[in-house]
Amino acid sequence: MSAQAKHRRPKTRRATRAAALATVGGAALALPLIGATGAQAADSGTTTYTVKSGDTLAKIAQSQGVDGGWKQLYQDNKSVIGANASLITPGTELTVGGASGTSTTATQASDTSGSGYVKPVEGSIGTQYHSSGAMWSSGYHTGTDFIVSTGTSVKAVSNGTVVSAGDGGAYGNQIVIKNADGYYSQYAHLSSVGVSAGQTVTAGQQIGLSGATGNVTGPHLHFEIRTTASYGSDVDPVAYLRSHGVTL
Ligand SMILES: [Zn+2]
């Protein structure tokens with residue numbers, strides 16, 4: 001099966017894994033949390049902060065009262081900031097983990113009956129979640145690949161808000177969306193990105209076109225479900241979609 005799509009993540013990302021395992025409250029979902037620790041914390045009430053000109057991570061961490069300071073802020077947002085913590089672009093949306101003890105909004109959808117969720121793309125599953133192999137920095141595949149040719153319509157799986165959209169390094173052009181239930185969906189290797197950070201989307205809405213950008217051996221959609229916006233907090237995407245009534 002040499003046609004199987006593969007991609008790799010830089011080894012340096014591995015270190016972010018443990019730090020990114022904080023999770024939002026899972027409402028009625030009973031998903032397997034796969035990870036080094038599997039830690040499950042209560043909803044810490046994350047908020048979004050838009051980077052302004054002149055901001056530094058340290059400054060933002062202090063003004064937003066981030067537990068763990070700028071390092072934690074960087075870990076939580078590495079996927080949108082990139083490899084250089086000192087380079088943050090005005091307009092970037094950062095996820096700010098709630099300081100312990102705060103009780104900001106918890107907008108978990110209680111309806112998990114299956115309505116309102118769709119497949120991200122019409123295509124068959126190639127490389128499955130948790131396939132093991134040396135080509136993945138975490139030691140296993142953190143998403144599910146749908147084998148589709150470049151230019152296939154990619155849809156938001158849930159109502160949600162775009163957390164980031166643009167260059168995702170090894171993931172190529174990618175979109176991360178905060179879904180209605182508080183989980184995050186990631187759509188990678190896109191040829192075209194049709195949404196921008198902060199935008200609200202509805203389930204089934206086209207958000208971009210599939211492609212082969214980033215580290216790939218062929219066109220496919222790499223699709224992840226995460227408990228945070230960051231790499232390393234992945235759960236099984238197929239189990240997640242099925243728990244929402246999507247047939248795969
Ligand atoms: Zn993949």
# chains A, B, ... in the order shown; residues from 1 in each chain; ligands from 1
$ residues_around --residues "Thr202 in chain A" --least-positions-apart "6" --cutoff "8 Å" --atoms "only C-alpha atoms" --output "list in words"
Ala156, Ser158, Asn159 and Gly160 of chain A
$ write_last_selection --atoms "N, CA and C atoms" --output "PDB file, in the first residue's frame"
ATOM      1  N   ALA A 156     -16.652  21.659   7.915  1.00  0.00           N
ATOM      2  CA  ALA A 156     -16.622  21.675   9.374  1.00  0.00           C
ATOM      3  C   ALA A 156     -17.517  20.547   9.876  1.00  0.00           C
ATOM      4  N   SER A 158     -18.787  20.238  12.793  1.00  0.00           N
ATOM      5  CA  SER A 158     -19.705  20.708  13.830  1.00  0.00           C
ATOM      6  C   SER A 158     -19.847  22.214  13.693  1.00  0.00           C
ATOM      7  N   ASN A 159     -20.897  22.749  14.273  1.00  0.00           N
ATOM      8  CA  ASN A 159     -20.920  24.187  14.473  1.00  0.00           C
ATOM      9  C   ASN A 159     -19.710  24.541  15.329  1.00  0.00           C
ATOM     10  N   GLY A 160     -19.126  25.707  15.095  1.00  0.00           N
ATOM     11  CA  GLY A 160     -17.969  26.043  15.908  1.00  0.00           C
ATOM     12  C   GLY A 160     -17.371  27.381  15.559  1.00  0.00           C
TER      13      GLY A 160
END
$ closest_atom_pairs --of "chain A" --to "ligand 1" --cutoff "6 Å" --atoms "only C-alpha atoms and all ligand atoms" --output "CSV"
residue,atom,partner,partner_atom_place_in_ligand_line,distance
A:Gly143,CA,ligand 1,1 (Zn),5.4
A:Thr144,CA,ligand 1,1 (Zn),5.6
A:Asp145,CA,ligand 1,1 (Zn),4.7
A:His222,CA,ligand 1,1 (Zn),4.1
$ residues_around --residues "range 164-169 of chain A" --least-positions-apart "2" --cutoff "7 Å" --atoms "only C-alpha atoms" --output "list in words"
Ser79, Val80, Val162, Tyr171, Gly172, Asn173, Gln174, Ile175, Val176, Val193, Val195, Ser196, Ala197 and Gly214 of chain A
$ write_last_selection --atoms "C-alpha atoms" --output "CSV table (one decimal), in the first residue's frame"
chain,number,residue,atom,x,y,z
A,79,SER,CA,0.4,25.2,16.9
A,80,VAL,CA,-0.5,28.8,16.1
A,162,VAL,CA,-12.2,28.9,13.9
A,171,TYR,CA,0.6,20.0,8.6
A,172,GLY,CA,0.7,22.4,5.6
A,173,ASN,CA,-2.3,24.6,5.3
A,174,GLN,CA,-4.5,23.7,8.3
A,175,ILE,CA,-7.6,24.8,10.1
A,176,VAL,CA,-8.4,24.3,13.8
A,193,VAL,CA,-8.2,27.7,3.3
A,195,VAL,CA,-12.0,30.7,6.7
A,196,SER,CA,-10.1,32.8,9.1
A,197,ALA,CA,-9.5,32.8,12.8
A,214,GLY,CA,3.2,20.1,4.4
$ residues_around --residues "Thr127 in chain A" --least-positions-apart "2" --cutoff "10 Å" --atoms "only C-alpha atoms" --output "list of chain:residue names"
A:Gln4, A:Ala5, A:Lys6, A:Ser124, A:Ile125, A:Tyr129, A:His130, A:Ser131, A:Ser132, A:His141, A:Gly143, A:Thr144, A:Asp145, A:Phe146, A:Ile147, A:His220, A:His222
$ atom_distance --atom1 "CA of Thr142 in chain A" --atom2 "CA of Asp67 in chain A"
26.9 Å
$ select_by_dssp --residues "range 70-239 of chain A" --states "alpha helix (DSSP H)" --output "number ranges by chain"
A: 70-81, 237-239
$ closest_residue --among "A:Tyr187, A:Val118, A:Gly194, A:Ala134" --to "Gly245 in chain A" --atoms "only C-alpha atoms"
A:Val118
$ select_by_dssp --residues "range 148-239 of chain A" --states "strand (DSSP E or B)" --output "ChimeraX atom specification"
/A:153-155,160-167,173-179,184-190,192-193,200-201,206-209,211,220-226,234-235
$ write_last_selection --atoms "N, CA and C atoms" --output "CSV table (one decimal), in the first residue's frame"
chain,number,residue,atom,x,y,z
A,153,SER,N,-13.9,19.1,-1.4
A,153,SER,CA,-14.5,20.0,-0.4
A,153,SER,C,-14.4,19.5,1.0
A,154,VAL,N,-13.8,20.3,1.9
A,154,VAL,CA,-13.6,19.9,3.3
A,154,VAL,C,-14.6,20.7,4.1
A,155,LYS,N,-15.3,20.0,5.0
A,155,LYS,CA,-16.4,20.6,5.7
A,155,LYS,C,-16.2,20.6,7.2
A,160,GLY,N,-19.1,25.7,15.1
A,160,GLY,CA,-18.0,26.0,15.9
A,160,GLY,C,-17.4,27.4,15.6
A,161,THR,N,-16.2,27.6,16.1
A,161,THR,CA,-15.5,28.8,15.9
A,161,THR,C,-14.0,28.5,15.4
A,162,VAL,N,-13.6,29.2,14.4
A,162,VAL,CA,-12.2,28.9,13.9
A,162,VAL,C,-11.2,29.5,14.9
A,163,VAL,N,-10.3,28.6,15.3
A,163,VAL,CA,-9.3,29.0,16.3
A,163,VAL,C,-8.1,29.5,15.5
A,164,SER,N,-7.7,28.8,14.4
A,164,SER,CA,-6.6,29.2,13.6
A,164,SER,C,-6.8,28.7,12.2
A,165,ALA,N,-6.2,29.4,11.3
A,165,ALA,CA,-6.3,29.0,9.9
A,165,ALA,C,-5.1,29.5,9.1
A,166,GLY,N,-4.3,28.6,8.5
A,166,GLY,CA,-3.1,29.1,7.8
A,166,GLY,C,-2.1,28.0,7.9
A,167,ASP,N,-0.8,28.5,7.8
A,167,ASP,CA,0.3,27.6,7.7
A,167,ASP,C,0.5,26.9,9.0
A,173,ASN,N,-1.2,23.7,5.0
A,173,ASN,CA,-2.3,24.6,5.3
A,173,ASN,C,-3.3,23.9,6.2
A,174,GLN,N,-3.6,24.5,7.4
A,174,GLN,CA,-4.5,23.7,8.3
A,174,GLN,C,-5.5,24.7,8.9
A,175,ILE,N,-6.6,24.1,9.4
A,175,ILE,CA,-7.6,24.8,10.1
A,175,ILE,C,-7.9,24.1,11.4
A,176,VAL,N,-8.0,24.8,12.5
A,176,VAL,CA,-8.4,24.3,13.8
A,176,VAL,C,-9.7,25.0,14.2
A,177,ILE,N,-10.7,24.2,14.5
A,177,ILE,CA,-12.0,24.7,14.9
A,177,ILE,C,-12.4,24.2,16.3
A,178,LYS,N,-12.9,25.1,17.1
A,178,LYS,CA,-13.5,24.7,18.4
A,178,LYS,C,-14.9,24.3,18.1
A,179,ASN,N,-15.2,23.1,18.3
A,179,ASN,CA,-16.5,22.5,18.0
A,179,ASN,C,-17.5,22.9,19.1
A,184,TYR,N,-11.9,20.1,19.8
A,184,TYR,CA,-11.3,20.8,18.7
A,184,TYR,C,-11.1,19.9,17.5
A,185,SER,N,-11.4,20.4,16.3
A,185,SER,CA,-11.2,19.6,15.1
A,185,SER,C,-10.1,20.3,14.3
A,186,GLN,N,-9.2,19.4,13.7
A,186,GLN,CA,-8.1,19.9,12.9
A,186,GLN,C,-8.2,19.3,11.5
A,187,TYR,N,-8.0,20.1,10.5
A,187,TYR,CA,-8.1,19.7,9.1
A,187,TYR,C,-6.8,20.2,8.5
A,188,ALA,N,-6.0,19.2,8.0
A,188,ALA,CA,-4.6,19.5,7.6
A,188,ALA,C,-4.3,19.1,6.1
A,189,HIS,N,-3.2,19.7,5.7
A,189,HIS,CA,-2.7,19.5,4.3
A,189,HIS,C,-3.6,20.1,3.2
A,190,LEU,N,-4.3,21.1,3.6
A,190,LEU,CA,-5.3,21.7,2.6
A,190,LEU,C,-4.6,22.4,1.5
A,192,SER,N,-6.3,24.8,-0.1
A,192,SER,CA,-7.0,26.1,0.0
A,192,SER,C,-7.7,26.2,1.4
A,193,VAL,N,-7.5,27.4,2.0
A,193,VAL,CA,-8.2,27.7,3.3
A,193,VAL,C,-9.2,28.7,3.1
A,200,THR,N,-17.2,32.2,12.8
A,200,THR,CA,-18.0,31.1,13.2
A,200,THR,C,-18.4,30.3,12.0
A,201,VAL,N,-18.5,29.0,12.2
A,201,VAL,CA,-18.9,28.1,11.1
A,201,VAL,C,-20.0,27.2,11.5
A,206,GLN,N,-18.5,24.4,4.0
A,206,GLN,CA,-17.1,24.2,3.4
A,206,GLN,C,-16.2,25.2,4.0
A,207,ILE,N,-15.0,24.7,4.5
A,207,ILE,CA,-14.0,25.6,5.1
A,207,ILE,C,-12.8,25.6,4.3
A,208,GLY,N,-12.6,24.7,3.3
A,208,GLY,CA,-11.4,24.7,2.5
A,208,GLY,C,-11.5,23.6,1.5
A,209,LEU,N,-10.3,23.4,0.9
A,209,LEU,CA,-10.2,22.3,-0.1
A,209,LEU,C,-9.0,21.4,0.3
A,211,GLY,N,-5.8,18.9,0.1
A,211,GLY,CA,-4.6,19.0,-0.8
A,211,GLY,C,-3.4,18.1,-0.3
A,220,HIS,N,-4.3,14.0,0.8
A,220,HIS,CA,-5.3,13.4,1.7
A,220,HIS,C,-5.7,14.5,2.7
A,221,LEU,N,-6.8,14.2,3.4
A,221,LEU,CA,-7.1,15.1,4.5
A,221,LEU,C,-6.7,14.4,5.8
A,222,HIS,N,-5.8,15.0,6.6
A,222,HIS,CA,-5.5,14.6,7.9
A,222,HIS,C,-6.5,15.3,8.9
A,223,PHE,N,-7.2,14.5,9.6
A,223,PHE,CA,-8.3,15.0,10.5
A,223,PHE,C,-8.0,14.5,11.9
A,224,GLU,N,-8.0,15.5,12.8
A,224,GLU,CA,-7.8,15.2,14.2
A,224,GLU,C,-9.0,15.7,15.0
A,225,ILE,N,-9.2,15.1,16.2
A,225,ILE,CA,-10.0,15.7,17.2
A,225,ILE,C,-9.2,15.8,18.4
A,226,ARG,N,-9.2,16.9,19.1
A,226,ARG,CA,-8.4,17.2,20.2
A,226,ARG,C,-9.2,17.7,21.4
A,234,ASP,N,-4.8,14.7,21.3
A,234,ASP,CA,-5.7,14.0,20.3
A,234,ASP,C,-6.6,12.9,21.0
A,235,VAL,N,-7.7,12.7,20.4
A,235,VAL,CA,-8.6,11.5,20.8
A,235,VAL,C,-8.9,10.8,19.4
